[in-house]
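final.txt (compact mmCIF, C-alpha atoms)
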# COMPACT_ATOMS: atom_id res chain seq x y z
CA MET A 914 -41.78 -50.34 51.68
CA LYS A 915 -40.51 -50.57 48.15
CA ASN A 916 -43.61 -48.83 46.79
CA TYR A 917 -43.21 -46.09 49.36
CA VAL A 918 -39.64 -45.38 48.21
CA LEU A 919 -40.71 -45.28 44.56
CA THR A 920 -43.68 -43.09 45.34
CA ASP A 921 -41.54 -40.68 47.31
CA LYS A 922 -39.00 -40.46 44.46
CA LEU A 923 -41.78 -39.92 41.90
CA SER A 924 -43.23 -37.16 44.06
CA LYS A 925 -39.90 -35.37 44.21
CA ASP A 926 -39.36 -35.80 40.45
CA ILE A 927 -42.86 -34.47 39.71
CA ASP A 928 -42.34 -31.46 41.99
CA ASP A 929 -38.98 -30.78 40.37
CA LEU A 930 -40.42 -31.02 36.84
CA GLU A 931 -43.35 -28.75 37.68
CA LYS A 932 -40.97 -26.22 39.16
CA ARG A 933 -38.70 -26.36 36.09
CA ILE A 934 -41.68 -25.91 33.74
CA LYS A 935 -42.91 -22.95 35.80
CA TYR A 936 -39.51 -21.23 35.72
CA VAL A 937 -38.29 -22.51 32.34
CA GLY A 938 -38.03 -18.95 31.00
CA LEU A 939 -35.73 -17.94 33.84
CA GLU A 940 -33.70 -21.14 33.45
CA ASN A 941 -33.25 -20.54 29.72
CA PHE A 942 -32.31 -16.92 30.33
CA LYS A 943 -29.65 -18.05 32.81
CA LYS A 944 -28.29 -20.64 30.37
CA ILE A 945 -28.18 -18.20 27.46
CA SER A 946 -26.50 -15.55 29.63
CA ILE A 947 -23.80 -17.96 30.81
CA ARG A 948 -23.35 -19.28 27.26
CA ASN A 949 -23.01 -15.78 25.78
CA ILE A 950 -20.60 -14.64 28.50
CA LYS A 951 -18.38 -17.66 27.92
CA ILE A 952 -18.51 -17.24 24.12
CA CYS A 953 -17.70 -13.51 24.45
CA GLY A 954 -14.80 -14.35 26.74
CA ARG A 955 -13.38 -16.82 24.24
CA PHE A 956 -13.98 -14.38 21.39
CA ILE A 957 -12.06 -11.67 23.27
CA GLN A 958 -9.31 -14.21 23.92
CA MET A 959 -9.19 -14.84 20.18
CA ILE A 960 -9.09 -11.21 18.99
CA ALA A 961 -7.17 -9.58 21.88
CA PRO A 962 -3.68 -10.23 20.45
CA TYR A 963 -4.75 -8.94 17.02
CA LEU A 964 -6.43 -5.91 18.56
CA LEU A 965 -3.32 -5.15 20.58
CA ALA A 966 -1.19 -5.57 17.46
CA ALA A 967 -3.37 -2.94 15.75
CA ILE A 968 -3.46 -0.46 18.65
CA ILE A 969 0.28 -0.36 19.41
CA PRO A 970 1.44 0.86 15.95
CA PHE A 971 -1.57 3.22 15.79
CA ILE A 972 -0.59 4.92 19.06
CA GLY A 973 3.10 4.91 18.12
CA GLN A 974 2.50 6.52 14.74
CA SER A 975 0.05 9.05 16.22
CA PHE A 976 2.75 10.22 18.64
CA LEU A 977 5.69 10.13 16.24
CA PHE A 978 3.99 11.33 13.04
CA ASP A 979 0.27 11.91 12.47
CA ILE A 980 -2.98 10.09 13.16
CA PRO A 981 -3.69 7.62 10.32
CA PHE A 982 -6.81 8.22 8.20
CA TYR A 983 -7.34 11.69 9.69
CA ARG A 984 -6.37 15.06 8.21
CA GLU A 985 -5.29 17.15 11.16
CA ASN A 986 -4.90 20.91 11.40
CA VAL A 987 -1.16 21.53 11.19
CA LYS A 988 1.10 24.52 11.59
CA GLN A 989 2.61 25.67 8.29
CA GLU A 990 5.63 27.89 8.81
CA LYS A 991 6.59 30.52 6.27
CA CYS A 992 9.27 29.22 3.91
CA TYR A 993 11.93 31.37 2.30
CA MET A 994 14.20 30.74 -0.67
CA MET A 995 17.16 33.12 -0.77
CA GLU A 996 19.58 33.64 -3.66
CA VAL A 997 22.90 35.41 -3.13
CA ASP A 998 25.72 35.78 -5.66
CA ASN A 999 29.13 37.39 -5.76
CA ARG A 1000 27.90 40.15 -8.06
CA GLY A 1001 26.07 41.67 -5.11
CA ILE A 1002 22.63 40.50 -6.21
CA GLU A 1003 20.36 39.20 -3.47
CA SER A 1004 16.76 38.06 -3.85
CA TYR A 1005 14.27 35.90 -2.02
CA GLN A 1006 10.87 34.32 -2.36
CA SER A 1007 8.50 33.43 0.47
CA GLN A 1008 5.39 31.33 0.75
CA TYR A 1009 3.40 29.26 3.24
CA GLU A 1010 4.16 26.06 1.37
CA LYS A 1011 7.27 23.99 0.95
CA PHE A 1012 9.34 24.67 -2.13
CA SER A 1013 9.66 21.79 -4.59
CA ASP A 1014 13.37 21.35 -3.90
CA GLU A 1015 14.49 22.57 -0.49
CA LYS A 1016 18.16 21.67 -0.85
CA ASP A 1017 20.81 24.30 -0.23
CA ARG A 1018 23.15 24.51 -3.20
CA VAL A 1019 26.06 26.47 -4.62
CA TYR A 1020 26.08 27.10 -8.37
CA ILE A 1021 29.21 28.11 -10.26
CA TYR A 1022 28.38 29.67 -13.64
CA GLY A 1023 31.21 29.70 -16.20
CA ASN A 1024 31.81 32.33 -18.88
CA TRP A 1025 29.81 32.21 -22.12
CA LYS A 1026 31.80 30.82 -25.02
CA GLU A 1027 30.87 31.14 -28.69
CA GLU A 1028 31.56 28.39 -31.19
CA ASN A 1029 30.01 28.12 -34.66
CA GLY A 1030 27.31 30.64 -33.73
CA VAL A 1031 26.27 28.73 -30.62
CA TYR A 1032 26.90 30.03 -27.08
CA THR A 1033 27.63 27.63 -24.23
CA ARG A 1034 28.62 27.81 -20.58
CA THR A 1035 29.03 25.27 -17.80
CA ILE A 1036 26.98 25.28 -14.59
CA LYS A 1037 28.29 23.23 -11.67
CA SER A 1038 26.17 22.65 -8.58
CA TYR A 1039 27.28 21.62 -5.10
CA ARG A 1040 25.23 20.64 -2.07
CA ILE A 1041 25.83 22.61 1.10
CA ASN A 1042 24.44 22.78 4.61
CA LEU A 1043 24.56 26.31 5.95
CA ASP A 1044 22.75 27.65 9.00
CA GLU A 1045 23.86 31.27 9.11
CA LEU A 1046 23.46 34.08 6.60
CA SER A 1047 27.03 35.27 7.32
CA GLU A 1048 28.36 31.92 6.12
CA ILE A 1049 26.51 32.33 2.82
CA LYS A 1050 27.89 35.80 2.19
CA GLU A 1051 31.37 34.60 3.04
CA LEU A 1052 31.01 31.63 0.70
CA VAL A 1053 29.96 33.60 -2.38
CA HIS A 1054 33.08 35.75 -2.19
CA LYS A 1055 35.43 32.81 -2.43
CA LYS A 1056 37.09 31.99 -5.74
CA ASP A 1057 35.99 29.06 -7.87
CA ILE A 1058 39.06 27.04 -7.05
CA GLU A 1059 38.52 27.56 -3.31
CA ILE A 1060 34.87 26.52 -3.61
CA GLU A 1061 35.80 23.28 -5.32
CA LYS A 1062 38.40 22.51 -2.65
CA LEU A 1063 35.87 23.26 0.06
CA LEU A 1064 32.88 21.39 -1.38
CA GLY A 1065 34.51 18.60 -3.31
CA ASN A 1066 33.03 17.17 -6.49
CA PRO A 1067 29.88 18.77 -7.92
CA VAL A 1068 26.58 16.88 -7.80
CA SER A 1069 25.87 18.02 -11.34
CA ASN A 1070 27.83 19.55 -14.18
CA ILE A 1071 25.66 20.67 -17.05
CA THR A 1072 26.23 22.70 -20.18
CA GLU A 1073 23.78 25.49 -20.97
CA THR A 1074 23.34 26.26 -24.67
CA LYS A 1075 21.83 29.33 -26.38
CA ASN A 1076 21.71 30.49 -29.99
CA ILE A 1077 21.43 34.14 -28.97
CA ILE A 1078 22.60 35.97 -25.85
CA THR A 1079 22.38 39.64 -24.88
CA ASP A 1080 25.32 42.04 -24.89
CA GLU A 1081 25.22 42.04 -21.10
CA GLU A 1082 25.57 38.27 -21.05
CA LYS A 1083 28.51 38.45 -23.48
CA GLU A 1084 30.34 40.84 -21.16
CA GLU A 1085 29.30 38.97 -18.04
CA SER A 1086 32.01 37.00 -16.27
CA GLY A 1087 31.38 33.74 -14.49
CA TYR A 1088 29.89 34.06 -11.03
CA ILE A 1089 28.97 32.08 -7.93
CA LYS A 1090 25.41 31.85 -6.63
CA VAL A 1091 24.12 30.30 -3.42
CA VAL A 1092 20.51 29.15 -3.12
CA TYR A 1093 19.48 28.79 0.50
CA TYR A 1094 16.19 27.71 2.14
CA TYR A 1095 14.97 28.43 5.63
CA LYS A 1096 11.76 28.76 7.69
CA ASP A 1097 10.45 31.41 10.05
CA LYS A 1098 9.04 29.54 13.05
CA ASP A 1099 7.35 32.68 14.39
CA ASP A 1100 5.42 33.31 11.16
CA PHE A 1101 2.93 30.56 10.44
CA ILE A 1102 -0.65 29.73 9.52
CA ILE A 1103 -2.90 26.78 10.47
CA VAL A 1104 -3.87 24.61 7.51
CA THR A 1105 -5.43 21.20 6.91
CA GLN A 1106 -2.86 18.46 6.46
CA PRO A 1107 -2.19 17.82 2.75
CA LEU A 1108 -4.15 14.87 1.40
CA GLY A 1109 -1.05 13.21 -0.05
CA GLU A 1110 0.73 13.37 3.31
CA CYS A 1111 -2.30 11.88 5.09
CA ILE A 1112 -2.48 9.04 2.55
CA ALA A 1113 1.24 8.35 2.92
CA PHE A 1114 1.03 8.06 6.73
CA SER A 1115 -2.13 5.92 6.45
CA LEU A 1116 -0.41 3.54 4.04
CA LEU A 1117 2.57 3.35 6.38
CA TYR A 1118 0.22 2.38 9.23
CA LEU A 1119 -1.46 -0.28 7.07
CA PHE A 1120 1.95 -1.76 6.27
CA GLU A 1121 2.84 -1.84 9.98
CA LEU A 1122 -0.58 -3.33 10.77
CA VAL A 1123 -0.23 -6.18 8.27
CA LEU A 1124 3.27 -6.93 9.56
CA CYS A 1125 2.17 -7.01 13.23
CA GLU A 1126 -0.94 -9.10 12.53
CA ALA A 1127 1.10 -11.60 10.52
CA CYS A 1128 3.52 -11.98 13.44
CA VAL A 1129 0.65 -12.59 15.88
CA PHE A 1130 -0.92 -15.16 13.55
CA LYS A 1131 2.42 -16.97 13.12
CA ILE A 1132 3.10 -17.08 16.87
CA ARG A 1133 -0.42 -18.30 17.71
CA ASP A 1134 -0.33 -20.90 14.93
CA GLU A 1135 2.93 -22.37 16.20
CA PHE A 1136 2.58 -22.10 19.99
CA SER A 1137 -1.17 -22.18 20.75
CA SER A 1138 -3.88 -24.80 20.27
CA PHE A 1139 -6.67 -22.27 20.73
CA TYR A 1140 -9.46 -22.68 18.15
CA PHE A 1141 -12.55 -20.53 18.64
CA PRO A 1142 -15.10 -22.63 16.63
CA THR A 1143 -14.43 -25.63 18.89
CA TYR A 1144 -15.28 -23.65 22.02
CA TYR A 1145 -18.28 -22.06 20.32
CA ALA A 1146 -19.80 -25.44 19.38
CA LYS A 1147 -19.07 -26.78 22.88
CA TYR A 1148 -20.90 -23.93 24.63
CA ILE A 1149 -23.84 -24.02 22.21
CA GLU A 1150 -24.34 -27.71 23.00
CA LYS A 1151 -23.75 -27.41 26.74
CA TYR A 1152 -26.03 -24.42 27.34
CA LYS A 1153 -28.79 -25.07 24.84
CA LYS A 1154 -32.33 -24.03 25.77
CA THR A 1155 -34.53 -26.36 27.81
CA ASN A 1156 -37.34 -27.77 25.68
CA THR A 1157 -40.67 -27.24 27.52
CA LYS A 1158 -42.45 -29.95 25.54
CA ILE A 1159 -39.88 -32.55 26.64
CA LEU A 1160 -40.34 -31.50 30.28
CA GLU A 1161 -44.13 -31.70 29.95
CA LYS A 1162 -43.85 -35.19 28.40
CA LYS A 1163 -41.61 -36.36 31.24
CA LEU A 1164 -44.04 -34.88 33.78
CA GLU A 1165 -46.93 -36.72 32.15
CA ILE A 1166 -45.01 -40.04 32.33
CA LYS A 1167 -44.08 -39.48 35.98
CA LYS A 1168 -47.67 -38.68 36.96
CA ASP A 1169 -48.93 -41.71 35.09
CA SER A 1170 -46.40 -43.92 36.95
CA TYR A 1171 -47.46 -42.35 40.25
CA LYS A 1172 -51.13 -43.11 39.53
CA ARG A 1173 -50.35 -46.74 38.69
CA LEU A 1174 -48.50 -47.14 42.00
CA THR A 1175 -50.95 -45.35 44.29
CA GLY A 1176 -54.21 -45.53 42.38
CA ASP A 1177 -54.66 -41.76 42.85
CA ASN A 1178 -53.81 -38.72 40.73
CA TYR A 1179 -50.82 -36.78 41.97
CA GLY A 1180 -51.67 -33.56 43.68
CA ARG A 1181 -50.58 -31.50 46.67
For this file, write the structure as structure tokens.
Amino acid sequence: MKNYVLTDKLSKDIDDLEKRIKYVGLENFKKISIRNIKICGRFIQMIAPYLLAAIIPFIGQSFLFDIPFYRENVKQEKCYMMEVDNRGIESYQSQYEKFSDEKDRVYIYGNWKEENGVYTRTIKSYRINLDELSEIKELVHKKDIEIEKLLGNPVSNITETKNIITDEEKEESGYIKVVYYYKDKDDFIIVTQPLGECIAFSLLYLFELVLCEACVFKIRDEFSSFYFPTYYAKYIEKYKKTNTKILEKKLEIKKDSYKRLTGDNYGR
């Protein structure tokens, strides 16, 4: 009875080993697939917070400003610089680029004064914020004293010096000039975003990226025990390939044991 039980168990073991050897390729494929899926899942778990921390500022900056690392086609409106003074002189310049200093200002030019063969006059500048042309024309006809009361202290007060001036300049009285900038939204061209502007927005994104990634790292370091290499080593060990030679050796031992018990070679 005892031999029968052992023989029956050996028969089942031999059948199982032969089946495993026959389908070892499929078994290994299944193991590798499960292992890789689990490793990928853990890898995604590891990088997901960092990926999210990179995507959120990217989308935010793309909506609010421009897409980082990409020079878009942008609308460039026509820019005007207008000069008006109380002598009745008006002039303007226009271009499809920003002027170097687009700050509206009022300049008060003093009279030329001669001393020891050198001519000097003071030029005071004031910042203003005007939206209508009528306001500009009204402003230039005010007196100096009224301008100073209206605009407060000047942002600059310089002295212009010349060794020689023309007769017209000698007779010229002090005057007030307004320099005013504006754009025509209906007159524009499509241009490639300036390289410097693209670099500036890209650097801003990189700064936001480093800040967000550092926050994620700090939070994970303090509140999570997740460590990817540990899981990787665990899955590599758990789902390692089946060694055919080991199975064949086990099968050989089982068949040899079966023969010693029954006196016959195993075969069905």
Which residue, A:Gln958, A:Gln989, A:Thr1079, A:Gln974, has the smallest gap to Pro1107 in chain A when you use all atoms listed in the file?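 Ranked by minimum distance to Pro1107 in chain A, first place goes to A:Gln989.
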Tyr1145 in chain A: which residues within 9 Å, counting all atoms listed in the file, same-chain residues fewer than 4 positions away excluded, as number ranges by chain? A: 951-952, 955-956, 1141, 1149-1150
Just to be explicit: take each residue in the selection above, keep C-alpha atoms, and write the result as a PDB file, in the frame of the given file.
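Output (selection_1.pdb):
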ATOM      1  CA  LYS A 951     -18.380 -17.660  27.920  1.00  0.00           C
ATOM      2  CA  ILE A 952     -18.510 -17.240  24.120  1.00  0.00           C
ATOM      3  CA  ARG A 955     -13.380 -16.820  24.240  1.00  0.00           C
ATOM      4  CA  PHE A 956     -13.980 -14.380  21.390  1.00  0.00           C
ATOM      5  CA  PHE A1141     -12.550 -20.530  18.640  1.00  0.00           C
ATOM      6  CA  ILE A1149     -23.840 -24.020  22.210  1.00  0.00           C
ATOM      7  CA  GLU A1150     -24.340 -27.710  23.000  1.00  0.00           C
TER       8      GLU A1150
END
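Taking CA of Phe976 in chain A and CA of Cys1111 in chain A as endpoints, the distance between them is 14.6 Å.
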Could you check how far CA of Asp1080 in chain A sits from CA of Trp1025 in chain A, in Å to one decimal?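 So the two atoms, CA of Asp1080 in chain A and CA of Trp1025 in chain A, lie 11.2 Å apart.
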Go ahead and fit an axis-aligned box to every listed atom of range 1117-1128 of chain A plus 5 Å each side, and pass me the centre and edge lengths in Å, one decimal, as lines of an AutoDock Vina configuration file.
center_x = 1.0
center_y = -4.3
center_z = 9.9
size_x = 15.0
size_y = 25.3
size_z = 17.2
In file coordinates, which residues lie within 6 Å of (6.1, 31.8, 4.5) using all atoms listed in the file, given as a list in words?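 In the file's frame, the residues around the point are Glu990, Lys991, Cys992, Ser1007, Gln1008 and Tyr1009 of chain A.
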Return the single residue from A:Ala966, A:Met995, A:Ile1078, A:Leu1064 that is closest to Arg1034 in chain A, with distances computed using only C-alpha atoms.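 Residue with the minimum atom-to-atom distance to Arg1034 in chain A: A:Ile1078.
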Separation of CA of Ile1089 in chain A from CA of Tyr1020 in chain A in Å: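 We find that CA of Tyr1020 in chain A and CA of Ile1089 in chain A lie 5.8 Å from each other.
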Non-local contacts of Asp979 in chain A (12 Å; all atoms listed in the file; under 4 positions in same chain excluded) as number ranges by chain: A: 970-975, 983-987, 1106-1107, 1110-1118
Name the closest residue to Asp1099 in chain A among the candidates A:Ile947, A:Lys988, A:Tyr963, A:Asn1042; distances are taken between atoms, counting only C-alpha atoms.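 Answer, going by the shortest atom-to-atom distance: A:Lys988.
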Calculated over only C-alpha atoms, which of the candidates A:Glu1126, A:Ile960, A:Tyr993, A:Lys1147 has the smallest distance to Tyr1005 in chain A?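 For Tyr1005 in chain A, the nearest of the given residues is A:Tyr993.
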Let me make sure I understand: among A:Ser946, A:Tyr1094, A:Leu939, A:Glu1082, which one has the smallest atom-to-atom distance to Gln1006 in chain A if we use all atoms listed in the file?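 Among A:Ser946, A:Tyr1094, A:Leu939, A:Glu1082, it is A:Tyr1094 that comes nearest to Gln1006 in chain A.
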